[in-house]
Amino acid sequence: MPSNVTNPNGLQRLIAQLAPILVVCAIVFALPVLLNNDFLLNKVARYLVLGILTISLGLSWGFGGILNLGQAMSFGLGSYAMAMALKLKTVPVHTGASGLPDFMVWNNVQHLPWFWEPFRSLSFAIAAGLIVPALVAAALGWFMFRGRVTGVYVSIITLATMVVINLVIIDQQSFTGGFNGITDLAQLELFGVAFDAYGRATYYLVAGCVLLSLLVAFAFTKSKAGLIVQAIRDHESRVRYFGYDVALYQIFVFALSAAIAGLAGMLYTVVMEFASPTFLGVQLSLSVVVWCAVGGRQSLVGAFLGAVLVAGMQGALSESAAFLETWTLVMGALFVLVVLFLPKGLAGLAQVVWRWIVQRRQASTRGVAQGVGQTEGST
Amino acid sequence: MSSHLDLRDVSVSFNGFKALNALNMSVRKGELRCLIGPNGAGKTTALDIICGKVKPSAGTVSFDGTALQDLEEYEIARAGVGRKFQVPSVFRELSVSENLDVARARRTSVLGNLRWNIGNSGREDIERLAELVGLTEQLDRPAAYLSHGQTQWLEIGMLVAQDAELILMDEPTAGMTAQETRKTAELFARLKGKHTLIVVEHDMGFVKAIGDIISVMHMGQMLAEGTAAEVEAHPEVRRAYLGSGGISHA
């Protein structure tokens with residue numbers, strides 16, 4: 001990310017780049033004070049989770065140049081990991097005989113399948129929600145990037161893989177709940193705190209994870225490895241001649257991105273109180289790409305805000321009487337406009353405006369110093 | 001003195017066209033070797049073979065006792081081979097200093113590179129490199145904004161940053177002004193001795209200014225080797241360049 005800060009001091013520059021993240025997170029944390037409505041707070045939490053998902057795509061697409069059209073696959077895997085654990089924690093009334101999840105009883109399953117067993121442990125489920133998406137991504141990445149698959153083929157392969165996993169989940173109804181997904185879950189309980197989907201605790205959990213994801217992604221992009229990943233985005237083959245194993249770097253950023261998406265998926269289950277095959281559906285996966293492009297894929301905060309704003313707008317428009325029929329059209333037009341006029345998204349626009357303000361201010365202070373007098377633009 | 005880089009009977013063909021036909025070449029440590037020849041002689045292909053971009057269909061490439069022909073590009077780079085491409089290849093969206101930082105490949109593993117660089121170690125190094133290639137003013141600008149000559153310089157700077165033992169340069173002065181070309185010659189003279197260089201070049205003035213020994217290629221084979229005067233007097237070389245008025249006007 002080229003920075004417009006001319007100060008050569010690296011630490012100061014770092015703080016300047018960190019500032020947008022901290023400001024946005026401060027607003028996110030302050031929101032419950034202004035918003036005294038549990039229903040609305042739950043909705044905002046939902047958008048924040050989608051924001052985390054979009055940060056993860058920004059990392060692989062904007063920084064790594066890997067357009068993963070199946071980003072929702074990692075999201076869905078995380079979501080199911082959490083749902084499986086919470087399902088096993090539901091009160092016996094809701095489960096069938098011998099504590100089997102209700103949908104298994106309906107499907108004549110006698111014993112809990114072996115791969116459900118470890119999900120009795122919540123810590124296992126949380127670890128799985130991060131590690132399983134990362135491992136799946138790493139395995140897929142190993143085949144793609146070792147084979148030097150690039151560009152649109154990566155997008156097709158990731159999209160197809162997601163569709164396959166989606167179909168498997170729908171097909172294996174007796175183990176996954178099929179079309180209905182996994183519903184009727186217990187509340188998440190961590191360290192003695194119960195996370196009610198409509199409670200503040202859940203909101204702050206999500207907000208904390210927003211901060212965590214932004215910081216982890218930021219730390220990665222500022223490391224040497226993050227720089228090399230961006231170099232690979234610009235000119236993949238050139239990087240090889242400096243002695244870097246390009247495929248390993250691509251696999252790493254791909255897996256890191258998947259783990260963050262898995263975290264978002266787990267939170268989504270907590271906020272929505274169910275897991276569904278639509279969480280790893282094509283529609284959501286492509287929406288994430290749109291959010292990321294609108295917000296600015298080469299800016300982590302941009303990608304996050306793009307998701308929150310656009311998903312929020314989608315929600316508001318689809319619920320308003322005036323746009324009930326036409327809201328998809330409005331969203332489509334917005335996307336076309338952004339792609340045409342703001343190739344770097346809203347983050348790019350913000351950068352241009354910020355630079356303009358700084359220049360104006362510098363010009364006006366220079367004017368004062370030269371005794372030209374106060375101009376209208378001076379502060 | 002034993003040779004540092006050794007190409008033995010290297011052949012490669014593209015769709016039946018023999019780009020290299022049993023090429024033999026050896027370069028001593030610290031030498032600056034110029035590689036010239038008419039268009040299509042296989043000069044760039046010879047560099048491609050050494051750095052692993054193209055795999056030979058026959059023959060061996062050994063560097064410091066290591067057989068390079070079966071290694072991946074990144075492994076060859078780790079063995080100490082750096083390459084500058086004919087079309088300047090830099091990372092356009094990264095700033096000049098970031099480009100130089102990527103090229104400083106001290107550590108190559110992913111996990112080793114996860115650490116942060118807040119203390120700015122290496123920043124001095126990068127500033128020194130930028131000064132060497134005259135890009136101090138451009139340090140924080142994206143490489144996409146550089147002129148063609150500056151981009152050439154940046155890539156040369158990146159090769160110095162990489163600190164490879166063997167540096168392969170493909171037409172480093174293409175698109176440079178006469179003054180820039182002179183500066184490049186000075187830089188190469190400084191690199192000579194510490195690094196081994198192979199330079200493919202068309203500009204005979206430049207070649208005479210920098211080269212000790214000149215290798216002339218023709219039709220994928222080594223035609224002649226020697227000092228500028230020897231090569232110019234060589235009858236076979238004159239024949240290969242027939243019609244273009246001899247080597248000096250190539």
# chains A, B, ... in the order shown; residues from 1 in each chain; ligands from 1
call {"tool": "interface_residues", "arguments": {"of": "chain A", "to": "chain B", "cutoff": "12 Å", "atoms": "only C-alpha atoms", "output": "JSON, numbers by chain"}}
result
{"A": [1, 2, 3, 4, 5, 6, 7, 8, 9, 10, 11, 12, 13, 14, 15, 62, 63, 65, 146, 216, 217, 218, 219, 220, 221, 222, 223, 224, 225, 226, 227, 228, 229, 230, 231, 232, 233, 234, 235, 236, 237, 238, 239, 240, 241, 242, 243, 244, 245, 246, 247, 248, 249, 250, 251, 252, 253, 298]}
call {"tool": "select_by_dssp", "arguments": {"residues": "region 113-210 of chain A", "states": "alpha helix (DSSP H)", "output": "PyMOL selection string"}}
result
chain A and resi 122-146+152-171+173-176+200-210
call {"tool": "write_last_selection", "arguments": {"atoms": "C-alpha atoms", "output": "short mmCIF file (atom, residue, chain, number, x, y, z; two decimals), in the first residue's frame"}}
result
data_model
loop_
_atom_site.label_atom_id
_atom_site.label_comp_id
_atom_site.auth_asym_id
_atom_site.auth_seq_id
_atom_site.Cartn_x
_atom_site.Cartn_y
_atom_site.Cartn_z
CA LEU A 122 -16.52 -26.49 22.66
CA SER A 123 -12.79 -25.77 22.53
CA PHE A 124 -12.39 -28.50 19.93
CA ALA A 125 -15.20 -26.96 17.89
CA ILE A 126 -13.67 -23.49 18.02
CA ALA A 127 -10.26 -24.86 17.03
CA ALA A 128 -11.90 -26.85 14.23
CA GLY A 129 -13.77 -23.77 13.03
CA LEU A 130 -10.41 -22.12 12.40
CA ILE A 131 -8.23 -25.07 11.44
CA VAL A 132 -10.55 -27.07 9.18
CA PRO A 133 -11.14 -24.17 6.73
CA ALA A 134 -7.43 -23.39 6.81
CA LEU A 135 -6.48 -27.00 6.09
CA VAL A 136 -9.04 -27.37 3.31
CA ALA A 137 -7.75 -24.14 1.77
CA ALA A 138 -4.13 -25.24 2.18
CA ALA A 139 -4.84 -28.57 0.49
CA LEU A 140 -6.71 -26.90 -2.35
CA GLY A 141 -3.99 -24.25 -2.59
CA TRP A 142 -1.30 -26.90 -2.67
CA PHE A 143 -2.78 -28.39 -5.83
CA MET A 144 -3.55 -25.04 -7.45
CA PHE A 145 -0.42 -23.07 -6.66
CA ARG A 146 2.06 -25.96 -7.00
CA VAL A 152 -9.65 -16.87 -13.53
CA TYR A 153 -8.92 -20.60 -13.17
CA VAL A 154 -8.35 -20.13 -9.44
CA SER A 155 -11.75 -18.44 -9.24
CA ILE A 156 -13.46 -21.28 -11.11
CA ILE A 157 -11.81 -23.99 -9.02
CA THR A 158 -12.62 -22.30 -5.70
CA LEU A 159 -16.23 -21.68 -6.77
CA ALA A 160 -16.64 -25.28 -7.93
CA THR A 161 -15.12 -26.67 -4.72
CA MET A 162 -17.55 -24.65 -2.67
CA VAL A 163 -20.51 -25.89 -4.70
CA VAL A 164 -19.35 -29.49 -4.23
CA ILE A 165 -19.11 -29.11 -0.46
CA ASN A 166 -22.46 -27.34 -0.42
CA LEU A 167 -24.06 -30.24 -2.31
CA VAL A 168 -22.47 -32.82 -0.02
CA ILE A 169 -23.88 -31.02 3.02
CA ILE A 170 -27.35 -30.85 1.48
CA ASP A 171 -27.17 -34.49 0.38
CA GLN A 173 -29.15 -34.90 5.51
CA SER A 174 -28.87 -37.47 8.28
CA PHE A 175 -25.51 -36.09 9.38
CA THR A 176 -25.79 -32.43 8.49
CA ARG A 200 -24.72 -7.02 24.30
CA ALA A 201 -22.22 -9.74 25.15
CA THR A 202 -22.60 -11.20 21.67
CA TYR A 203 -22.24 -7.78 20.11
CA TYR A 204 -19.01 -7.12 22.00
CA LEU A 205 -17.74 -10.61 21.14
CA VAL A 206 -18.27 -9.81 17.46
CA ALA A 207 -16.75 -6.34 17.84
CA GLY A 208 -13.71 -7.85 19.57
CA CYS A 209 -13.30 -10.30 16.71
CA VAL A 210 -13.55 -7.43 14.20
#
call {"tool": "closest_residue", "arguments": {"among": "A:Pro20, A:Leu40, A:Ala197, A:Pro113", "to": "Ala347 (chain A)", "atoms": "only C-alpha atoms"}}
result
A:Pro20
call {"tool": "select_by_dssp", "arguments": {"residues": "region 176-312 of chain A", "states": "strand (DSSP E)", "output": "list in words"}}
result
Leu188, Glu189, Leu190, Val193, Ala194 and Phe195 of chain A
call {"tool": "write_last_selection", "arguments": {"atoms": "N, CA and C atoms", "output": "PDB file, in the first residue's frame"}}
result
ATOM      1  N   LEU A 188     -24.156 -20.062  23.131  1.00  0.00           N
ATOM      2  CA  LEU A 188     -22.720 -20.211  23.339  1.00  0.00           C
ATOM      3  C   LEU A 188     -22.376 -19.731  24.747  1.00  0.00           C
ATOM      4  N   GLU A 189     -21.578 -20.528  25.458  1.00  0.00           N
ATOM      5  CA  GLU A 189     -21.119 -20.094  26.772  1.00  0.00           C
ATOM      6  C   GLU A 189     -19.612 -20.194  26.843  1.00  0.00           C
ATOM      7  N   LEU A 190     -18.982 -19.067  27.087  1.00  0.00           N
ATOM      8  CA  LEU A 190     -17.519 -19.020  27.148  1.00  0.00           C
ATOM      9  C   LEU A 190     -17.113 -18.319  28.432  1.00  0.00           C
ATOM     10  N   VAL A 193     -19.680 -16.669  30.510  1.00  0.00           N
ATOM     11  CA  VAL A 193     -20.554 -15.657  29.908  1.00  0.00           C
ATOM     12  C   VAL A 193     -21.449 -16.346  28.873  1.00  0.00           C
ATOM     13  N   ALA A 194     -22.750 -16.099  28.961  1.00  0.00           N
ATOM     14  CA  ALA A 194     -23.673 -16.652  27.979  1.00  0.00           C
ATOM     15  C   ALA A 194     -23.867 -15.634  26.861  1.00  0.00           C
ATOM     16  N   PHE A 195     -23.738 -16.112  25.630  1.00  0.00           N
ATOM     17  CA  PHE A 195     -23.856 -15.191  24.509  1.00  0.00           C
ATOM     18  C   PHE A 195     -25.219 -15.344  23.839  1.00  0.00           C
TER      19      PHE A 195
END
call {"tool": "residues_around", "arguments": {"residues": "Gln71 (chain A)", "least_positions_apart": "4", "cutoff": "7 Å", "atoms": "only C-alpha atoms", "output": "list in words"}}
result
Leu57, Phe75 and Ser285 of chain A
call {"tool": "residues_around", "arguments": {"residues": "region 311-328 of chain A", "least_positions_apart": "6", "cutoff": "9 Å", "atoms": "only C-alpha atoms", "output": "list in words"}}
result
Lys43, Val44, Tyr47, Leu50, Gly51, Ser287 and Trp291 of chain A
call {"tool": "write_last_selection", "arguments": {"atoms": "C-alpha atoms", "output": "compact mmCIF listing (two decimals), in the first residue's frame"}}
result
# COMPACT_ATOMS: atom_id res chain seq x y z
CA LYS A 43 -28.66 -6.88 12.92
CA VAL A 44 -25.57 -4.69 13.14
CA TYR A 47 -23.26 -7.02 9.28
CA LEU A 50 -20.06 -10.23 7.16
CA GLY A 51 -17.46 -7.48 7.43
CA SER A 287 -21.92 -10.85 -2.58
CA TRP A 291 -18.73 -5.78 -0.94
call {"tool": "residues_around", "arguments": {"residues": "region 199-206 of chain B", "least_positions_apart": "5", "cutoff": "8 Å", "atoms": "only C-alpha atoms", "output": "number ranges by chain"}}
result
B: 32-37, 43-44, 168-173, 181-182, 185, 247-250
call {"tool": "residues_around", "arguments": {"residues": "Leu112 (chain A)", "least_positions_apart": "5", "cutoff": "10 Å", "atoms": "only C-alpha atoms", "output": "PDB file with C-alpha atoms, in the first residue's frame"}}
result
ATOM      1  CA  SER A  98     -29.677 -40.709  23.969  1.00  0.00           C
ATOM      2  CA  GLY A  99     -28.973 -37.068  23.298  1.00  0.00           C
ATOM      3  CA  LEU A 100     -28.947 -37.390  19.537  1.00  0.00           C
ATOM      4  CA  PRO A 101     -29.669 -34.184  17.620  1.00  0.00           C
ATOM      5  CA  MET A 104     -30.692 -37.416  13.277  1.00  0.00           C
ATOM      6  CA  VAL A 105     -33.568 -39.065  15.107  1.00  0.00           C
ATOM      7  CA  GLU A 117     -18.175 -36.946  18.830  1.00  0.00           C
ATOM      8  CA  PHE A 175     -25.509 -36.094   9.382  1.00  0.00           C
TER       9      PHE A 175
END
call {"tool": "atom_distance", "arguments": {"atom1": "CA of Val330 (chain A)", "atom2": "CA of Leu349 (chain A)"}}
result
20.4 Å
call {"tool": "residues_around", "arguments": {"residues": "Met176 (chain B)", "least_positions_apart": "6", "cutoff": "12 Å", "atoms": "only C-alpha atoms", "output": "PyMOL selection string"}}
result
chain B and resi 88+147-153+182-185+203+206
call {"tool": "closest_residue", "arguments": {"among": "B:Glu236, B:Leu7, B:Val54, B:Ala41", "to": "Ala67 (chain B)", "atoms": "only C-alpha atoms"}}
result
B:Leu7
call {"tool": "atom_distance", "arguments": {"atom1": "CA of Thr54 (chain A)", "atom2": "CA of Ser257 (chain A)"}}
result
9.7 Å
call {"tool": "closest_residue", "arguments": {"among": "B:Glu232, B:Gly134, B:Ser62, B:Val207", "to": "Glu180 (chain B)", "atoms": "only C-alpha atoms"}}
result
B:Gly134
call {"tool": "closest_residue", "arguments": {"among": "B:Asp64, B:Glu155, B:Glu127, B:Glu31", "to": "Val87 (chain B)", "atoms": "only C-alpha atoms"}}
result
B:Glu155
call {"tool": "atom_distance", "arguments": {"atom1": "CA of Leu286 (chain A)", "atom2": "CA of Phe39 (chain A)"}}
result
26.8 Å
